[in-house]
>>> print(open('coords-v2.txt').read())   # compact mmCIF, C-alpha atoms
# COMPACT_ATOMS: atom_id res chain seq x y z
CA MET U 69 141.99 140.69 94.73
CA TYR U 70 139.46 143.48 95.26
CA VAL U 71 140.12 146.92 96.73
CA PHE U 72 137.19 148.70 98.40
CA ALA U 73 138.13 152.32 99.07
CA GLY U 74 135.74 154.16 101.35
CA LEU U 75 135.78 157.95 101.13
CA GLY U 76 135.52 160.29 104.08
CA ASN U 77 137.40 162.74 106.26
CA PRO U 78 139.73 161.61 109.07
CA GLY U 79 139.02 162.66 112.65
CA LYS U 80 136.44 161.81 115.30
CA GLU U 81 134.51 165.00 114.59
CA TYR U 82 133.51 163.61 111.19
CA ASP U 83 132.25 160.23 112.43
CA GLY U 84 128.59 159.73 111.59
CA THR U 85 128.43 162.55 109.04
CA ARG U 86 126.90 162.21 105.59
CA HIS U 87 130.26 162.74 103.90
CA ASN U 88 131.77 159.81 105.84
CA ILE U 89 129.31 157.12 104.82
CA GLY U 90 132.03 155.58 102.63
CA PHE U 91 134.21 155.09 105.71
CA ALA U 92 131.25 153.60 107.57
CA ILE U 93 130.69 150.93 104.91
CA VAL U 94 134.27 149.70 104.82
CA ASP U 95 134.23 149.65 108.64
CA ILE U 96 131.26 147.25 108.51
CA LEU U 97 133.01 145.17 105.84
CA GLU U 98 136.15 144.95 108.00
CA ARG U 99 134.15 143.38 110.82
CA GLN U 100 132.91 140.71 108.40
CA LEU U 101 136.28 139.78 106.91
CA GLU U 102 137.70 136.34 107.50
CA ARG U 103 141.21 136.53 108.99
CA SER U 104 141.08 140.31 109.19
CA SER U 105 144.38 142.08 109.79
CA GLY U 106 142.55 144.92 111.52
CA TRP U 107 143.11 148.51 110.48
CA LYS U 108 146.76 149.46 109.97
CA ALA U 109 148.66 152.50 108.70
CA GLY U 110 149.60 152.05 105.05
CA LYS U 111 152.70 153.00 103.07
CA GLY U 112 151.00 156.22 102.13
CA GLU U 113 148.17 158.49 103.25
CA TYR U 114 145.69 155.77 104.10
CA TYR U 115 144.68 153.06 106.55
CA TYR U 116 144.00 149.57 105.26
CA ALA U 117 142.73 146.18 106.37
CA LYS U 118 143.28 142.83 104.68
CA GLY U 119 141.17 139.69 104.81
CA ILE U 120 139.08 137.26 102.84
CA ILE U 121 135.44 137.19 101.68
CA ALA U 122 134.03 134.29 99.64
CA GLY U 123 137.55 132.95 99.08
CA GLU U 124 138.81 136.23 97.56
CA ASP U 125 141.59 138.43 98.93
CA ILE U 126 140.13 141.77 99.99
CA ILE U 127 141.82 145.09 100.72
CA LEU U 128 139.78 147.76 102.48
CA ALA U 129 141.12 151.30 102.50
CA LYS U 130 140.37 154.68 104.06
CA PRO U 131 142.30 157.68 102.70
CA ILE U 132 143.43 160.12 105.42
CA THR U 133 144.11 162.99 103.03
CA TYR U 134 140.71 164.65 103.52
CA MET U 135 138.14 164.25 100.80
CA ASN U 136 139.48 166.52 98.05
CA LEU U 137 142.85 164.69 97.88
CA SER U 138 141.50 161.13 98.11
CA GLY U 139 142.93 160.24 94.70
CA ARG U 140 146.52 160.30 95.95
CA ALA U 141 145.79 157.60 98.48
CA VAL U 142 143.76 155.45 96.06
CA ARG U 143 146.55 155.66 93.47
CA ASP U 144 149.12 154.57 96.07
CA ILE U 145 146.92 151.73 97.33
CA LEU U 146 146.49 150.24 93.86
CA ALA U 147 150.22 150.50 93.19
CA PHE U 148 151.32 149.03 96.53
CA PHE U 149 148.96 146.05 96.41
CA LYS U 150 149.39 145.62 92.64
CA CYS U 151 145.63 145.64 92.11
CA ASP U 152 144.12 146.36 88.70
CA ILE U 153 141.74 149.30 88.47
CA SER U 154 139.04 146.92 87.21
CA ASN U 155 138.89 145.49 90.75
CA LEU U 156 138.61 148.86 92.48
CA ILE U 157 135.28 149.83 94.05
CA VAL U 158 134.92 153.28 95.63
CA THR U 159 132.16 153.88 98.19
CA CYS U 160 131.00 157.45 98.78
CA ASP U 161 128.08 159.75 99.55
CA ASP U 162 125.96 161.48 96.90
CA ILE U 163 123.58 164.39 97.40
CA ALA U 164 122.05 163.87 93.94
CA ILE U 165 120.49 160.59 95.10
CA PRO U 166 117.58 160.51 97.57
CA LEU U 167 118.28 159.23 101.06
CA GLY U 168 117.76 155.49 101.13
CA GLN U 169 118.90 154.73 97.59
CA LEU U 170 122.16 153.21 96.33
CA ARG U 171 123.66 153.35 92.88
CA LEU U 172 126.47 151.16 91.53
CA ARG U 173 128.14 152.24 88.29
CA LEU U 174 131.14 150.96 86.35
CA GLU U 175 132.28 154.43 85.26
CA GLY U 176 131.15 158.03 84.96
CA SER U 177 131.81 161.63 85.89
CA ASP U 178 132.53 162.84 89.40
CA GLY U 179 129.02 164.33 89.67
CA GLY U 180 130.44 167.24 91.64
CA HIS U 181 131.96 164.98 94.32
CA ASN U 182 135.44 166.20 95.29
CA GLY U 183 136.66 162.76 96.30
CA LEU U 184 135.68 161.17 92.99
CA SER U 185 137.13 164.16 91.13
CA SER U 186 140.48 163.64 92.83
CA ILE U 187 140.49 159.90 92.05
CA ILE U 188 139.66 160.52 88.38
CA TYR U 189 142.48 163.07 88.19
CA GLU U 190 145.11 160.86 89.86
CA LEU U 191 144.19 157.68 87.97
CA GLY U 192 143.73 159.48 84.66
CA THR U 193 140.41 157.76 84.00
CA ASP U 194 136.82 157.63 85.22
CA GLU U 195 136.56 153.93 84.39
CA PHE U 196 136.35 152.51 87.89
CA ALA U 197 133.36 151.22 89.85
CA ARG U 198 131.72 153.42 92.43
CA LEU U 199 128.97 152.60 94.91
CA ARG U 200 127.22 155.85 95.75
CA PHE U 201 125.03 156.38 98.80
CA GLY U 202 122.11 158.74 98.57
CA VAL U 203 122.27 161.18 101.48
CA GLY U 204 119.57 163.51 100.22
CA ALA U 205 119.80 167.23 99.53
CA ASP U 206 117.81 168.90 102.30
CA PHE U 207 119.75 172.16 102.41
CA TYR U 208 119.41 175.76 101.29
CA GLN U 209 121.43 177.13 98.40
CA GLY U 210 125.03 177.73 99.43
CA GLU U 211 124.90 175.35 102.41
CA GLN U 212 126.00 172.16 100.67
CA ALA U 213 129.32 171.90 102.56
CA LYS U 214 127.59 172.40 105.91
CA TYR U 215 125.00 169.76 104.99
CA VAL U 216 127.39 166.99 103.94
CA LEU U 217 129.46 167.55 107.08
CA SER U 218 126.38 167.26 109.28
CA LYS U 219 125.36 164.08 111.07
CA PHE U 220 122.29 162.09 110.11
CA LYS U 221 119.12 163.05 111.96
CA GLU U 222 117.64 160.64 114.51
CA SER U 223 114.68 160.13 112.18
CA GLU U 224 117.05 159.06 109.38
CA LYS U 225 119.28 156.66 111.29
CA LYS U 226 117.15 153.52 110.91
CA LEU U 227 117.00 153.97 107.13
CA VAL U 228 120.75 154.67 106.98
CA GLU U 229 121.44 151.49 108.95
CA GLU U 230 119.26 149.44 106.60
CA MET U 231 120.87 151.08 103.58
CA SER U 232 124.33 150.35 104.96
CA GLU U 233 123.51 146.66 105.38
CA LYS U 234 122.25 146.56 101.80
CA ALA U 235 125.45 148.22 100.60
CA VAL U 236 127.59 145.65 102.41
CA ALA U 237 125.50 142.85 100.92
CA GLY U 238 126.04 144.49 97.53
CA CYS U 239 129.80 144.54 98.06
CA LYS U 240 129.70 140.83 98.84
CA GLU U 241 127.63 140.26 95.69
CA ILE U 242 130.38 141.99 93.68
CA ILE U 243 132.95 139.61 95.16
CA SER U 244 130.85 136.48 94.65
CA ASN U 245 129.19 137.15 91.29
CA GLY U 246 130.81 140.21 89.70
CA ILE U 247 129.88 143.87 89.40
CA LYS U 248 127.29 143.51 86.63
CA ARG U 249 125.28 140.97 88.62
CA ALA U 250 125.60 143.16 91.71
CA MET U 251 124.18 146.13 89.80
CA ASN U 252 120.93 144.20 89.33
CA VAL U 253 120.71 143.75 93.10
CA ILE U 254 121.82 147.21 94.22
CA ASN U 255 120.27 149.51 91.61
CA VAL U 256 116.68 148.93 92.70
CA LYS U 257 114.67 151.78 94.15
CA PRO U 258 113.41 151.01 97.65
CA LYS U 259 109.68 150.62 98.14
CA THR U 260 107.99 153.78 99.31
CA GLU U 261 104.42 154.31 100.40
CA ASN U 262 103.59 155.90 97.04
CA ASN U 263 105.02 153.25 94.74
CA ILE U 264 103.62 150.44 96.88
CA LYS U 265 100.15 151.95 96.24
CA ASN U 266 100.95 152.25 92.52
CA ASP U 267 102.04 148.59 92.34
CA ALA U 268 98.80 147.51 93.97
CA SER U 269 96.56 149.57 91.65
>>> encode(input="coords-v2.txt", output="structure tokens")
Amino acid sequence: MYVFAGLGNPGKEYDGTRHNIGFAIVDILERQLERSSGWKAGKGEYYYAKGIIAGEDIILAKPITYMNLSGRAVRDILAFFKCDISNLIVTCDDIAIPLGQLRLRLEGSDGGHNGLSSIIYELGTDEFARLRFGVGADFYQGEQAKYVLSKFKESEKKLVEEMSEKAVAGCKEIISNGIKRAMNVINVKPKTENNIKNDAS
């Protein structure tokens, strides 16, 4: 069994924001589950969906605690479904990564992300996989909160859609071939105009 916990804030007003990209990914995954249960209220502060991908039982989860208390929900999910932390994958946004890049890691610090910080605190370890979405950092000093709660620009939406599909494919790679193999697929910088020219020279 795998648990994919997407991080975000509950409420329609947060749909489509940078901070809710984790929710968006598990929503796409839910639509691709075999025998999906659909989203249901959990025995804690989260919604969940159950189904199957590549013959594996999958639990998708969305904490409804708001971002800075996400760890409570993730802790309760793992306990209720009796899932080992080694099969937990957290999906979230990251302003330290350029827009259009993904990064899958098996462990690490919270990197200043309140959701990851809460999960590390509640689980008592940073040794869990996290798939981080680059949302860029196009904001003035002191406006980080406003930026992550803003929606993607029209000019960014095509790239975000492509990036989301790649993230979902990466999640499926984790299920089929394991996290280490998936890292080789996901942790590749996308081609840009500059590095395409460099490759050709």
>>> residues_around(input="coords-v2.txt", residues="U:Gly84", least_positions_apart="6", cutoff="8 Å", atoms="all atoms listed in the file", output="NGL selection string")
:U and (92 or 219-220)
>>> closest_residue(input="coords-v2.txt", among="U:Lys150, U:Arg140, U:Arg173, U:Lys226", to="U:Tyr189", atoms="all atoms listed in the file")
U:Arg140
>>> residues_around(input="coords-v2.txt", residues="U:Leu97", least_positions_apart="2", cutoff="12 Å", atoms="only C-alpha atoms", output="mmCIF file with C-alpha atoms, keeping the file's coordinate frame")
data_model
loop_
_atom_site.group_PDB
_atom_site.id
_atom_site.type_symbol
_atom_site.label_atom_id
_atom_site.label_comp_id
_atom_site.auth_asym_id
_atom_site.auth_seq_id
_atom_site.Cartn_x
_atom_site.Cartn_y
_atom_site.Cartn_z
ATOM 1 C CA VAL U 71 140.120 146.920 96.730
ATOM 2 C CA PHE U 72 137.190 148.700 98.400
ATOM 3 C CA ALA U 73 138.130 152.320 99.070
ATOM 4 C CA GLY U 74 135.740 154.160 101.350
ATOM 5 C CA GLY U 90 132.030 155.580 102.630
ATOM 6 C CA PHE U 91 134.210 155.090 105.710
ATOM 7 C CA ALA U 92 131.250 153.600 107.570
ATOM 8 C CA ILE U 93 130.690 150.930 104.910
ATOM 9 C CA VAL U 94 134.270 149.700 104.820
ATOM 10 C CA ASP U 95 134.230 149.650 108.640
ATOM 11 C CA ARG U 99 134.150 143.380 110.820
ATOM 12 C CA GLN U 100 132.910 140.710 108.400
ATOM 13 C CA LEU U 101 136.280 139.780 106.910
ATOM 14 C CA GLU U 102 137.700 136.340 107.500
ATOM 15 C CA SER U 104 141.080 140.310 109.190
ATOM 16 C CA GLY U 106 142.550 144.920 111.520
ATOM 17 C CA TRP U 107 143.110 148.510 110.480
ATOM 18 C CA TYR U 116 144.000 149.570 105.260
ATOM 19 C CA ALA U 117 142.730 146.180 106.370
ATOM 20 C CA LYS U 118 143.280 142.830 104.680
ATOM 21 C CA GLY U 119 141.170 139.690 104.810
ATOM 22 C CA ILE U 120 139.080 137.260 102.840
ATOM 23 C CA ILE U 121 135.440 137.190 101.680
ATOM 24 C CA ILE U 126 140.130 141.770 99.990
ATOM 25 C CA ILE U 127 141.820 145.090 100.720
ATOM 26 C CA LEU U 128 139.780 147.760 102.480
ATOM 27 C CA ALA U 129 141.120 151.300 102.500
ATOM 28 C CA THR U 159 132.160 153.880 98.190
ATOM 29 C CA SER U 232 124.330 150.350 104.960
ATOM 30 C CA GLU U 233 123.510 146.660 105.380
ATOM 31 C CA LYS U 234 122.250 146.560 101.800
ATOM 32 C CA ALA U 235 125.450 148.220 100.600
ATOM 33 C CA VAL U 236 127.590 145.650 102.410
ATOM 34 C CA ALA U 237 125.500 142.850 100.920
ATOM 35 C CA GLY U 238 126.040 144.490 97.530
ATOM 36 C CA CYS U 239 129.800 144.540 98.060
ATOM 37 C CA LYS U 240 129.700 140.830 98.840
#
>>> atom_distance(input="coords-v2.txt", atom1="atom CA of U:Ser244", atom2="atom CA of U:Ala122")
6.3 Å
>>> atom_distance(input="coords-v2.txt", atom1="atom CA of U:Cys151", atom2="atom CA of U:Met69")
6.7 Å
>>> residues_around(input="coords-v2.txt", residues="stretch 198-211 of chain U", least_positions_apart="5", cutoff="7 Å", atoms="only C-alpha atoms", output="PyMOL selection string")
chain U and resi 86+157-174
>>> write_last_selection(input="coords-v2.txt", atoms="C-alpha atoms", output="mmCIF file, in the coordinates of the input")
data_model
loop_
_atom_site.group_PDB
_atom_site.id
_atom_site.type_symbol
_atom_site.label_atom_id
_atom_site.label_comp_id
_atom_site.auth_asym_id
_atom_site.auth_seq_id
_atom_site.Cartn_x
_atom_site.Cartn_y
_atom_site.Cartn_z
ATOM 1 C CA ARG U 86 126.900 162.210 105.590
ATOM 2 C CA ILE U 157 135.280 149.830 94.050
ATOM 3 C CA VAL U 158 134.920 153.280 95.630
ATOM 4 C CA THR U 159 132.160 153.880 98.190
ATOM 5 C CA CYS U 160 131.000 157.450 98.780
ATOM 6 C CA ASP U 161 128.080 159.750 99.550
ATOM 7 C CA ASP U 162 125.960 161.480 96.900
ATOM 8 C CA ILE U 163 123.580 164.390 97.400
ATOM 9 C CA ALA U 164 122.050 163.870 93.940
ATOM 10 C CA ILE U 165 120.490 160.590 95.100
ATOM 11 C CA PRO U 166 117.580 160.510 97.570
ATOM 12 C CA LEU U 167 118.280 159.230 101.060
ATOM 13 C CA GLY U 168 117.760 155.490 101.130
ATOM 14 C CA GLN U 169 118.900 154.730 97.590
ATOM 15 C CA LEU U 170 122.160 153.210 96.330
ATOM 16 C CA ARG U 171 123.660 153.350 92.880
ATOM 17 C CA LEU U 172 126.470 151.160 91.530
ATOM 18 C CA ARG U 173 128.140 152.240 88.290
ATOM 19 C CA LEU U 174 131.140 150.960 86.350
#
>>> residues_near_point(input="coords-v2.txt", point="(133.8, 162.8, 84.7)", cutoff="12 Å", atoms="all atoms listed in the file", output="ChimeraX atom specification")
/U:175-189,192-196
>>> closest_residue(input="coords-v2.txt", among="U:Val253, U:Ile96, U:Leu191, U:Leu75", to="U:Pro131", atoms="only C-alpha atoms")
U:Leu75
>>> closest_residue(input="coords-v2.txt", among="U:Asn155, U:Asn88, U:Asn245, U:Asn77", to="U:Tyr134", atoms="all atoms listed in the file")
U:Asn77
>>> atom_distance(input="coords-v2.txt", atom1="atom CA of U:Glu230", atom2="atom CA of U:Tyr114")
27.3 Å
>>> residues_around(input="coords-v2.txt", residues="U:Tyr115", least_positions_apart="2", cutoff="6 Å", atoms="all atoms listed in the file", output="VMD selection string")
chain U and resid 108 to 110 129 to 130
